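Structure data follow from entry-v1.cif (mmCIF, C-alpha atoms and all ligand atoms):
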```cif
data_query
#
loop_
_atom_site.label_atom_id
_atom_site.label_comp_id
_atom_site.auth_asym_id
_atom_site.auth_seq_id
_atom_site.Cartn_x
_atom_site.Cartn_y
_atom_site.Cartn_z
CA MET U 1 -5.53 -22.04 26.65
CA TRP U 2 -8.19 -24.63 26.53
CA ALA U 3 -11.00 -22.36 25.39
CA GLN U 4 -9.22 -21.98 22.08
CA SER U 5 -9.87 -25.57 21.14
CA ILE U 6 -13.49 -24.57 20.76
CA ASP U 7 -12.51 -21.48 18.75
CA ARG U 8 -10.34 -23.70 16.63
CA ARG U 9 -13.09 -26.15 15.80
CA GLN U 10 -15.52 -23.36 15.04
CA PHE U 11 -12.89 -21.77 12.83
CA ILE U 12 -12.27 -24.97 10.88
CA GLY U 13 -15.95 -25.58 10.66
CA GLN U 14 -16.63 -22.17 9.11
CA THR U 15 -13.98 -22.24 6.77
CA ALA U 16 17.23 -7.47 21.16
CA VAL U 17 17.71 -6.64 23.11
CA VAL U 18 18.45 -3.38 21.76
CA GLY U 19 18.24 -0.26 23.78
CA ALA U 20 15.45 2.25 23.63
CA ALA U 21 17.64 4.24 21.25
CA VAL U 22 17.17 1.64 18.54
CA ALA U 23 13.41 1.66 19.07
CA VAL U 24 13.36 5.42 18.81
CA ALA U 25 15.56 5.35 15.69
CA GLY U 26 13.26 2.75 14.13
CA ARG U 27 10.22 4.81 15.07
CA ASP U 28 11.64 8.02 13.63
CA ALA U 29 12.56 6.31 10.36
CA LEU U 30 9.04 4.90 10.23
CA SER U 31 7.44 8.31 10.86
CA ALA U 32 9.64 9.95 8.21
CA GLU U 33 8.67 7.31 5.66
CA ARG U 34 4.97 7.65 6.49
CA ALA U 35 5.14 11.45 6.50
CA ALA U 36 6.72 11.31 3.03
CA THR U 37 3.77 9.28 1.81
CA GLY U 38 1.31 11.80 3.30
CA ALA U 39 -0.31 9.50 5.90
CA ALA U 40 -2.60 11.39 8.33
CA ALA U 41 -4.67 10.88 11.51
CA ASP U 42 -7.61 8.46 11.24
CA LYS U 43 -10.76 8.13 13.35
CA SER U 44 -8.87 6.48 16.23
CA GLY U 45 -7.25 9.87 16.81
CA ILE U 46 -3.77 8.33 16.53
CA ASP U 47 -1.63 9.91 13.85
CA ALA U 48 -1.33 7.30 11.09
CA THR U 49 2.42 7.96 11.01
CA LYS U 50 2.51 6.35 14.48
CA LYS U 51 0.61 3.23 13.45
CA ILE U 52 2.67 0.10 13.18
CA ARG U 53 1.92 -2.03 10.15
CA VAL U 54 1.52 -5.63 11.30
CA GLY U 55 1.79 -8.93 9.45
CA VAL U 56 0.35 -11.96 11.25
CA ILE U 57 1.80 -15.38 10.39
CA GLY U 58 -0.08 -18.46 11.60
CA CYS U 59 -3.86 -18.21 11.22
CA GLY U 60 -4.86 -21.06 13.54
CA SER U 61 -6.51 -21.17 16.95
CA VAL U 62 -4.69 -18.41 18.81
CA SER U 63 -5.00 -15.97 15.90
CA GLY U 64 -8.69 -15.92 16.81
CA ARG U 65 -7.68 -14.23 20.07
CA TYR U 66 -4.91 -12.00 18.73
CA LEU U 67 -6.63 -10.55 15.67
CA PRO U 68 -9.60 -9.01 17.54
CA HIS U 69 -7.18 -7.38 20.00
CA LEU U 70 -4.89 -6.12 17.23
CA SER U 71 -7.89 -4.86 15.26
CA GLU U 72 -8.96 -2.74 18.24
CA CYS U 73 -5.48 -1.37 18.95
CA PRO U 74 -5.10 2.27 17.85
CA PHE U 75 -1.37 1.78 17.21
CA VAL U 76 -1.88 -1.12 14.79
CA GLU U 77 -2.82 -1.56 11.18
CA VAL U 78 -2.94 -5.26 10.28
CA VAL U 79 -1.87 -5.27 6.63
CA SER U 80 -1.25 -8.96 5.96
CA VAL U 81 -1.98 -12.48 7.16
CA CYS U 82 -0.11 -15.62 6.17
CA ASP U 83 -0.56 -19.37 6.64
CA ILE U 84 0.89 -22.38 4.86
CA ILE U 85 -2.72 -23.55 4.75
CA PRO U 86 -3.94 -20.75 2.44
CA GLU U 87 -7.64 -21.21 3.28
CA ARG U 88 -6.87 -20.24 6.86
CA ALA U 89 -5.17 -17.00 5.79
CA ALA U 90 -8.09 -16.31 3.43
CA ALA U 91 -10.63 -16.92 6.22
CA ARG U 92 -8.87 -14.69 8.75
CA GLY U 93 -8.30 -12.05 6.07
CA LYS U 94 -12.02 -11.99 5.32
CA GLU U 95 -13.05 -12.07 8.98
CA PHE U 96 -10.76 -9.19 10.01
CA HIS U 97 -10.72 -7.23 6.74
CA VAL U 98 -7.02 -7.77 6.10
CA ALA U 99 -6.28 -6.91 2.49
CA ASN U 100 -3.24 -9.13 1.85
CA GLN U 101 -3.14 -12.89 2.37
CA TYR U 102 -0.07 -15.00 1.70
CA PRO U 103 0.65 -18.76 1.65
CA HIS U 104 4.35 -18.46 2.57
CA ILE U 105 6.64 -16.19 4.60
CA ASP U 106 8.78 -15.45 1.50
CA ALA U 107 5.77 -13.94 -0.27
CA MET U 108 4.70 -12.11 2.87
CA LEU U 109 8.11 -10.49 3.38
CA ALA U 110 8.33 -9.57 -0.32
CA GLY U 111 4.73 -8.31 -0.36
CA THR U 112 3.03 -5.32 1.19
CA PRO U 113 5.43 -3.63 3.66
CA PHE U 114 5.02 -4.01 7.43
CA GLU U 115 7.14 -3.30 10.51
CA LEU U 116 6.03 -5.97 13.02
CA LEU U 117 5.73 -9.70 12.39
CA VAL U 118 3.33 -11.41 14.80
CA ASN U 119 4.35 -15.06 14.82
CA LEU U 120 1.52 -17.40 15.85
CA THR U 121 2.73 -20.56 14.11
CA ASP U 122 3.66 -23.99 15.50
CA MET U 123 6.17 -23.83 18.38
CA GLN U 124 8.84 -25.60 16.29
CA GLU U 125 8.58 -22.96 13.53
CA HIS U 126 9.06 -19.81 15.63
CA GLU U 127 12.87 -19.67 15.68
CA ARG U 128 13.30 -20.16 11.91
CA LEU U 129 10.55 -17.71 10.93
CA ASN U 130 11.68 -15.13 13.50
CA ARG U 131 15.23 -15.30 12.08
CA GLN U 132 14.06 -14.88 8.51
CA ALA U 133 11.90 -11.88 9.41
CA ILE U 134 14.66 -10.22 11.47
CA GLU U 135 17.04 -10.66 8.54
CA ALA U 136 14.42 -8.86 6.45
CA GLY U 137 14.45 -5.96 8.97
CA ARG U 138 11.18 -6.71 10.77
CA ASN U 139 10.44 -6.35 14.48
CA ILE U 140 9.09 -9.52 16.09
CA TRP U 141 6.32 -10.46 18.45
CA SER U 142 6.52 -14.25 18.87
CA GLU U 143 4.27 -16.67 20.65
CA LYS U 144 6.30 -18.85 22.99
CA PRO U 145 9.01 -19.90 22.55
CA ILE U 146 10.99 -17.18 20.70
CA ALA U 147 13.61 -19.84 19.91
CA ASN U 148 14.24 -23.50 20.68
CA SER U 149 17.39 -22.95 22.76
CA LEU U 150 19.08 -20.18 24.73
CA ALA U 151 22.00 -20.04 22.27
CA ALA U 152 19.73 -19.74 19.24
CA GLY U 153 17.64 -17.09 21.00
CA GLN U 154 20.70 -15.05 21.93
CA GLU U 155 21.85 -15.20 18.29
CA LEU U 156 18.44 -13.85 17.26
CA LEU U 157 18.82 -10.95 19.68
CA GLN U 158 22.30 -10.18 18.32
CA LEU U 159 20.98 -10.28 14.78
CA ALA U 160 18.10 -8.00 15.76
CA LYS U 161 20.54 -5.55 17.31
CA ALA U 162 22.61 -5.51 14.12
CA LYS U 163 19.47 -4.92 12.06
CA GLY U 164 18.10 -2.21 14.40
CA VAL U 165 14.90 -4.07 15.19
CA ARG U 166 13.31 -5.42 18.38
CA VAL U 167 12.22 -8.89 19.47
CA TRP U 168 9.71 -9.79 22.17
CA GLY U 169 7.81 -12.95 23.02
CA ALA U 170 4.92 -14.39 25.04
CA PRO U 171 3.88 -14.80 27.75
CA VAL U 172 3.10 -11.38 29.23
CA VAL U 173 2.10 -12.56 32.72
CA VAL U 174 4.41 -9.97 34.34
CA ALA U 175 2.23 -7.21 32.87
CA SER U 176 -0.86 -8.09 34.95
CA PRO U 177 -1.88 -5.94 37.93
CA GLN U 178 -1.95 -9.14 40.01
CA PHE U 179 1.71 -9.83 39.22
CA ALA U 180 2.49 -6.24 40.24
CA ALA U 181 0.55 -6.67 43.51
CA MET U 182 2.49 -9.84 44.35
CA ALA U 183 5.85 -8.32 43.43
CA LYS U 184 5.11 -5.27 45.57
CA ALA U 185 4.04 -7.38 48.58
CA ILE U 186 7.32 -9.32 48.37
CA ALA U 187 9.43 -6.18 47.89
CA ALA U 188 7.71 -4.45 50.83
CA GLY U 189 8.71 -7.38 53.06
CA GLU U 190 5.11 -8.27 53.91
CA LEU U 191 5.89 -12.01 53.71
CA GLY U 192 9.21 -11.79 55.56
CA ALA U 193 12.00 -13.90 54.10
CA ILE U 194 10.75 -15.67 50.97
CA ALA U 195 11.24 -19.43 51.33
CA SER U 196 9.38 -21.21 48.58
CA ALA U 197 6.73 -21.03 45.90
CA LYS U 198 4.71 -23.44 43.84
CA ALA U 199 2.60 -23.06 40.72
CA ASP U 200 0.64 -25.36 38.47
CA TYR U 201 -1.09 -25.24 35.13
CA GLY U 202 -2.49 -28.16 33.19
CA HIS U 203 -5.41 -29.48 31.24
CA THR U 204 -6.15 -32.61 29.27
CA GLY U 205 -4.27 -31.43 26.19
CA PRO U 206 -5.00 -29.74 22.87
CA ASP U 207 -6.60 -31.92 20.21
CA TRP U 208 -6.36 -29.64 17.17
CA SER U 209 -2.67 -29.78 16.17
CA GLU U 210 -0.01 -32.43 16.55
CA PHE U 211 2.93 -30.04 17.06
CA PHE U 212 2.06 -29.74 20.77
CA TYR U 213 3.15 -33.38 21.19
CA LYS U 214 6.15 -33.51 18.84
CA GLU U 215 9.81 -32.80 19.59
CA GLY U 216 10.18 -29.11 20.38
CA GLY U 217 6.62 -29.06 21.73
CA GLY U 218 5.41 -30.42 25.05
CA SER U 219 3.55 -29.21 28.10
CA MET U 220 6.46 -27.11 29.38
CA PRO U 221 6.70 -24.66 26.43
CA ASP U 222 2.93 -24.63 26.01
CA LEU U 223 1.72 -24.42 29.63
CA GLY U 224 4.56 -24.51 32.19
CA VAL U 225 6.08 -21.47 30.48
CA TYR U 226 3.48 -19.23 32.16
CA ASN U 227 4.29 -20.39 35.70
CA LEU U 228 8.05 -20.40 35.02
CA THR U 229 7.81 -16.79 33.87
CA THR U 230 5.71 -15.84 36.91
CA LEU U 231 7.93 -17.54 39.50
CA THR U 232 11.23 -16.28 38.04
CA GLY U 233 9.58 -12.87 37.71
CA LEU U 234 8.63 -12.89 41.40
CA LEU U 235 11.56 -14.73 43.04
CA GLY U 236 14.31 -13.76 40.59
CA PRO U 237 16.31 -15.54 37.87
CA ALA U 238 16.95 -19.22 38.61
CA LYS U 239 20.48 -20.47 39.23
CA SER U 240 19.82 -24.16 38.64
CA VAL U 241 17.10 -26.63 37.71
CA THR U 242 16.18 -30.16 38.75
CA ALA U 243 13.27 -31.80 36.97
CA MET U 244 11.35 -34.94 36.25
CA THR U 245 9.33 -35.24 33.07
CA SER U 246 7.35 -38.09 31.57
CA ILE U 247 4.90 -39.11 28.87
CA VAL U 248 1.64 -40.26 30.46
CA THR U 249 -0.38 -40.70 27.24
CA PRO U 250 1.84 -42.12 24.47
CA THR U 251 -0.69 -41.72 21.67
CA ARG U 252 -3.27 -39.02 21.05
CA LYS U 253 -6.13 -38.45 18.65
CA ILE U 254 -5.73 -35.20 16.75
CA TYR U 255 -8.53 -33.50 14.87
CA GLU U 256 -8.46 -34.32 11.14
CA LYS U 257 -5.18 -36.22 11.63
CA GLY U 258 -6.05 -39.32 13.58
CA GLU U 259 -3.78 -41.07 16.05
CA ILE U 260 -0.27 -39.72 16.58
CA ASN U 261 2.68 -40.77 18.73
CA VAL U 262 3.56 -38.39 21.56
CA GLU U 263 7.27 -37.46 21.54
CA ALA U 264 7.50 -34.51 23.94
CA GLU U 265 6.80 -34.60 27.69
CA ASP U 266 3.15 -34.27 28.63
CA ASN U 267 3.88 -34.22 32.36
CA ALA U 268 6.56 -32.22 34.21
CA LEU U 269 7.70 -31.20 37.68
CA VAL U 270 10.40 -28.54 37.64
CA LEU U 271 12.32 -27.41 40.74
CA LEU U 272 14.09 -24.06 40.62
CA ASP U 273 16.82 -22.68 42.86
CA HIS U 274 16.56 -18.88 42.80
CA GLY U 275 19.53 -18.30 45.11
CA ASP U 276 19.32 -16.64 48.57
CA ALA U 277 17.69 -19.87 49.85
CA LYS U 278 14.56 -19.35 47.68
CA ILE U 279 13.26 -22.48 45.93
CA SER U 280 10.18 -23.06 43.82
CA CYS U 281 8.33 -25.73 41.90
CA VAL U 282 6.25 -25.73 38.71
CA GLN U 283 3.90 -28.58 37.85
CA CYS U 284 2.42 -28.73 34.36
CA GLY U 285 0.97 -31.25 31.96
CA PHE U 286 -1.52 -32.37 29.38
CA ASN U 287 -3.05 -34.97 31.73
CA PHE U 288 -4.56 -32.70 34.36
CA PHE U 289 -8.25 -33.22 34.75
CA ASN U 290 -9.62 -30.02 36.28
CA PRO U 291 -13.15 -30.05 37.71
CA HIS U 292 -13.41 -26.30 37.10
CA GLY U 293 -12.74 -26.69 33.39
CA HIS U 294 -10.15 -24.59 31.65
CA GLU U 295 -11.93 -21.39 30.95
CA GLY U 296 -9.65 -18.97 32.83
CA LYS U 297 -12.34 -17.21 34.84
CA ALA U 298 -13.80 -20.50 36.12
CA GLU U 299 -10.61 -21.27 38.05
CA SER U 300 -10.58 -19.72 41.51
CA ARG U 301 -7.90 -21.83 43.22
CA HIS U 302 -4.53 -20.39 44.16
CA THR U 303 -2.58 -21.68 41.16
CA VAL U 304 0.50 -19.77 42.35
CA ALA U 305 1.42 -19.77 46.06
CA ILE U 306 4.33 -17.96 47.71
CA TYR U 307 5.45 -18.73 51.26
CA GLY U 308 7.55 -16.52 53.51
CA SER U 309 8.66 -16.49 57.16
CA ARG U 310 5.95 -13.99 58.16
CA GLY U 311 3.27 -14.33 55.48
CA SER U 312 1.94 -16.19 52.50
CA MET U 313 0.21 -15.22 49.30
CA GLY U 314 -1.88 -16.91 46.63
CA LEU U 315 -2.75 -15.86 43.11
CA VAL U 316 -6.46 -16.44 42.52
CA GLY U 317 -7.00 -18.16 39.16
CA TYR U 318 -4.38 -18.68 36.48
CA ASP U 319 -1.43 -16.34 36.10
CA TRP U 320 -2.42 -15.75 32.45
CA GLU U 321 -5.95 -14.74 33.49
CA PRO U 322 -5.60 -13.74 37.16
CA LEU U 323 -8.59 -12.77 39.27
CA GLY U 324 -6.95 -11.43 42.42
CA VAL U 325 -4.26 -11.92 45.05
CA ASP U 326 -4.81 -13.22 48.60
CA VAL U 327 -2.27 -12.09 51.19
CA ALA U 328 -2.09 -13.28 54.83
CA THR U 329 0.55 -12.14 57.31
CA GLU U 330 1.50 -12.76 60.94
CA ALA U 331 -0.12 -9.43 61.84
CA ARG U 332 -3.27 -10.18 59.78
CA PRO U 333 -3.63 -13.96 59.46
CA GLU U 334 -6.89 -13.90 57.43
CA PHE U 335 -6.39 -13.73 53.66
CA GLU U 336 -6.96 -10.23 52.37
CA ARG U 337 -7.97 -10.13 48.69
CA ARG U 338 -6.26 -7.53 46.52
CA ALA U 339 -5.95 -6.60 42.84
CA THR U 340 -9.34 -7.91 41.75
CA ASP U 341 -9.47 -5.55 38.76
CA ALA U 342 -7.82 -6.74 35.52
CA GLU U 343 -7.27 -3.07 34.57
CA GLY U 344 -7.53 -4.02 30.91
CA TYR U 345 -4.89 -6.76 31.11
CA VAL U 346 -5.53 -9.79 28.87
CA TRP U 347 -3.09 -12.57 28.05
CA GLN U 348 -3.32 -11.91 24.30
CA GLN U 349 -2.26 -8.25 24.56
CA GLY U 350 1.46 -8.75 23.84
CA ALA U 351 1.50 -8.01 20.10
CA SER U 352 -0.67 -4.90 20.51
CA GLU U 353 1.45 -3.75 23.43
CA VAL U 354 4.74 -4.02 21.54
CA ALA U 355 3.18 -2.17 18.58
CA GLU U 356 2.38 0.64 21.01
CA CYS U 357 5.95 0.48 22.32
CA LEU U 358 7.37 0.72 18.80
CA ALA U 359 5.08 3.66 18.06
CA THR U 360 5.66 5.59 21.27
CA GLY U 361 9.03 4.49 22.68
CA LYS U 362 7.38 3.07 25.84
CA GLU U 363 9.12 -0.05 27.25
CA PRO U 364 7.08 -3.12 28.23
CA LEU U 365 7.72 -4.97 31.52
CA PHE U 366 8.35 -8.26 29.68
CA THR U 367 11.77 -8.66 28.08
CA PRO U 368 13.28 -11.10 25.59
CA GLU U 369 16.02 -11.93 28.12
CA HIS U 370 13.37 -13.14 30.56
CA ALA U 371 11.70 -15.19 27.81
CA LEU U 372 15.06 -16.77 26.91
CA HIS U 373 15.85 -17.48 30.57
CA VAL U 374 12.64 -19.52 30.64
CA VAL U 375 13.68 -21.28 27.40
CA GLU U 376 16.95 -22.22 29.13
CA ILE U 377 15.01 -23.54 32.17
CA MET U 378 12.88 -25.76 29.92
CA THR U 379 15.84 -27.21 28.00
CA ALA U 380 17.68 -27.69 31.31
CA ALA U 381 14.63 -29.50 32.74
CA ARG U 382 14.80 -31.97 29.85
CA GLU U 383 18.54 -32.42 30.39
CA SER U 384 17.93 -32.98 34.10
CA GLN U 385 15.40 -35.70 33.32
CA ARG U 386 17.77 -37.35 30.81
CA GLU U 387 20.83 -37.23 33.06
CA GLY U 388 19.25 -37.50 36.49
CA ARG U 389 21.07 -34.47 37.90
CA ARG U 390 20.76 -30.78 38.73
CA ILE U 391 21.60 -28.45 35.81
CA GLU U 392 23.28 -25.06 36.34
CA LEU U 393 21.88 -22.15 34.33
CA ALA U 394 23.86 -19.47 32.50
CA SER U 395 21.28 -16.83 31.60
CA THR U 396 19.68 -14.08 33.62
CA PHE U 397 17.43 -11.04 33.07
CA LYS U 398 16.78 -7.62 34.55
CA TRP U 399 15.16 -8.15 37.95
CA PRO U 400 13.11 -7.06 39.80
CA VAL U 401 10.65 -6.77 36.94
CA VAL U 402 8.36 -4.34 38.79
CA GLN U 403 10.29 -1.55 40.51
N1 LIG S 501 -4.44 -21.98 21.01
C1 LIG S 501 -4.27 -21.42 22.19
O1 LIG S 501 -5.13 -21.44 23.04
C2 LIG S 501 -2.98 -20.73 22.50
C3 LIG S 501 -2.95 -19.82 23.57
C4 LIG S 501 -1.76 -19.14 23.84
C5 LIG S 501 -0.66 -19.40 23.07
N2 LIG S 501 -0.70 -20.32 22.05
C6 LIG S 501 0.51 -20.55 21.25
O2 LIG S 501 0.26 -20.07 19.92
C7 LIG S 501 1.01 -20.84 18.97
C8 LIG S 501 0.05 -21.41 17.94
O3 LIG S 501 -0.89 -22.24 18.59
P1 LIG S 501 -2.32 -22.55 17.94
O4 LIG S 501 -3.10 -23.24 18.99
O5 LIG S 501 -2.87 -21.33 17.32
O6 LIG S 501 -1.90 -23.61 16.83
P2 LIG S 501 -2.67 -23.92 15.47
O7 LIG S 501 -2.16 -25.21 14.98
O8 LIG S 501 -4.13 -23.77 15.67
O9 LIG S 501 -2.20 -22.75 14.50
C9 LIG S 501 -0.89 -22.66 13.97
C10 LIG S 501 -1.01 -22.20 12.53
O10 LIG S 501 0.29 -21.89 12.03
C11 LIG S 501 0.34 -22.35 10.69
N3 LIG S 501 1.75 -22.55 10.34
C12 LIG S 501 2.60 -23.51 10.78
N4 LIG S 501 3.82 -23.35 10.22
C13 LIG S 501 3.74 -22.27 9.42
C14 LIG S 501 4.68 -21.61 8.57
N5 LIG S 501 5.94 -22.05 8.45
N6 LIG S 501 4.27 -20.53 7.89
C15 LIG S 501 2.98 -20.10 7.99
N7 LIG S 501 2.05 -20.68 8.77
C16 LIG S 501 2.43 -21.76 9.48
C17 LIG S 501 -0.47 -23.63 10.69
O11 LIG S 501 -0.89 -23.98 9.37
C18 LIG S 501 -1.62 -23.26 11.62
O12 LIG S 501 -2.72 -22.71 10.91
C19 LIG S 501 1.75 -21.88 19.80
O13 LIG S 501 3.03 -21.37 20.11
C20 LIG S 501 0.92 -21.99 21.07
O14 LIG S 501 1.69 -22.47 22.16
C21 LIG S 501 -1.85 -20.97 21.74
#
```
Could you write out this structure as structure tokens?
Amino acid sequence: MWAQSIDRRQFIGQTAVVGAAVAVAGRDALSAERAATGAAADKSGIDATKKIRVGVIGCGSVSGRYLPHLSECPFVEVVSVCDIIPERAAARGKEFHVANQYPHIDAMLAGTPFELLVNLTDMQEHERLNRQAIEAGRNIWSEKPIANSLAAGQELLQLAKAKGVRVWGAPVVVASPQFAAMAKAIAAGELGAIASAKADYGHTGPDWSEFFYKEGGGSMPDLGVYNLTTLTGLLGPAKSVTAMTSIVTPTRKIYEKGEINVEAEDNALVLLDHGDAKISCVQCGFNFFNPHGHEGKAESRHTVAIYGSRGSMGLVGYDWEPLGVDVATEARPEFERRATDAEGYVWQQGASEVAECLATGKEPLFTPEHALHVVEIMTAARESQREGRRIELASTFKWPVVQ
């Protein structure tokens, strides 16, 4: 999100899917271990044996959004932070009173014990670090993407299953009350037969780290991923993809780095075939001037629109920070605004939410299969651009997301 570029500068300036049974088994083992060490309830009222010890790797921009949320979560104890730039780990450790700071994942995994790795590193690093932590028996919350390809992601899920740990990844757009309102309107038949949908998300591009523009980065895994998750979540898993991608701005100026060459797409249009005659389109990029700025709440357009034979619907604002849902039908052709309350939903809640799930056995609405389906869409979109043809997809996920 754009607002984080400001956080980032300020920061620099200052300084498996495995079944529920596996989660329960992991939780019980955790409780037994904590009980043996005499851990008790703290002032949050949550029994300390239920708290999940968290290690955060990647202390850059987005950690400034995650750490406050994790610090407030009654199911979480953040025990360590890690960054290959040690000053960043030291700064976040000081800011959020995290006792242990490490300069490398090896030291972090060998250091003070924790159950959940929160991976907030460069997009290209997620897969490798997630694998290493799973091998060391840690549950994973990963910023997007969990892995760089469907095959690699599926291997991670198999490995997690073998190790008895869980893996989840951003984004969590399906957890918002606005997503639920849209899914329910579709399921109730309010829009008639669903025909098509479109969604867009862009800004003028991050300027604080070069990985966004390097191979394995790009506007699809950074921005389009939200809309792809929303539209597949609403219309169902995609069967095939046709896409065009391009690089509009071949060089960029990056903070403290200077000029870099852009390797990954900074402009993309992705068409999805969801089967049953439903088609959709996602538009994303790092060259989208937006007169409303990029602070989520300032955007009041319909950034997601769904059209059906008897009604249409628009999501007010961005799907990662939605403000409401407008629904118009044949019977009531004026837009009716619904779901204007966030009900506590924030886009950076994923790590805290999975900690709660590990502690209580609750299951989140977002799944790693859905995240990997979106990874497959993004790699297929690149293949479609390279080869000039439609690409069939192999993966799927449990749908509908909201029952
Ligand atoms: N910044 C945002 O607004 C935002 C919002 C949502 C999601 N995200 C996602 O969060 C992730 C991180 O983005 P960011 O903007 O915070 O980037 P960033 O460059 O500000 O931070 C990444 C940090 O990870 C560290 N790092 C890289 N490789 C590492 C390794 N092997 N071990 C330990 N530390 C390592 C870097 O030194 C850096 O401090 C990306 O996947 C991004 O798409 C960012």
Q.
Around ligand LIG 501 (chain S), which protein and nucleic acid residues have at least one atom no more than 7 Å from it, if we count all atoms listed in the file? List them as an MDAnalysis selection string.
A. chainID U and resid 1:5 8 57:63 82:85 88 103:105 120:123 125 129 143:145 208:209 221:222
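The shortest atom-to-atom distance to U:Glu383, with only C-alpha atoms taken into account, belongs to U:Thr242 out of U:Thr242, U:Asp47, U:Ser71, U:Asp200.
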**Q.** Given only C-alpha atoms as the counted atoms, nearest of U:Leu70, U:Met313, U:Ala394, U:Ile146 to U:Val225
**A.** U:Ile146
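Atom pair atom CA of U:Ala371 / atom CA of U:Pro400: separated by 14.6 Å.
Minimum atom-to-atom distance to U:Val172, evaluated using only C-alpha atoms, belongs to U:Ala351 out of U:Val402, U:Ala160, U:Ala351, U:Ala238.
Take atom CA of U:Glu392 and atom CA of U:Asn227: the distance between them is 19.6 Å.
Counting all atoms listed in the file and comparing U:Asn130, U:Leu150, U:Lys51, U:Met182, the residue that lies closest to U:Glu115 is U:Lys51.
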**Q.** 9 Å contact set for U:Arg131, all atoms listed in the file, chain neighbours under 4 positions out, as a VMD selection string
**A.** chain U and resid 126 to 127 135 to 136 156 159 to 160
Q.
When you look at stretch 338-345 of chain U with a cut-off of 7 Å (counting all atoms listed in the file), what residues show up, excluding the ones that are within fewer than 3 positions of it in the same chain? I need them as a list of chain:residue names.
A. U:Ser176, U:Pro177, U:Gln178, U:Ala181, U:Leu323, U:Gly324, U:Val325, U:Asp326
Q. Mind pulling up the distance from atom CA of U:His370 to atom CA of U:Cys284?
A. 19.4 Å
Q: Have a look at U:Glu321, U:Glu263, U:Glu155, U:Glu77 and name the one nearest to U:Val174; count all atoms listed in the file.
A: U:Glu321
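Take the candidates U:Pro74, U:Pro250, U:Gly285, U:Pro68 and check each one against U:Leu223 using all atoms listed in the file; the shortest distance goes to U:Gly285.
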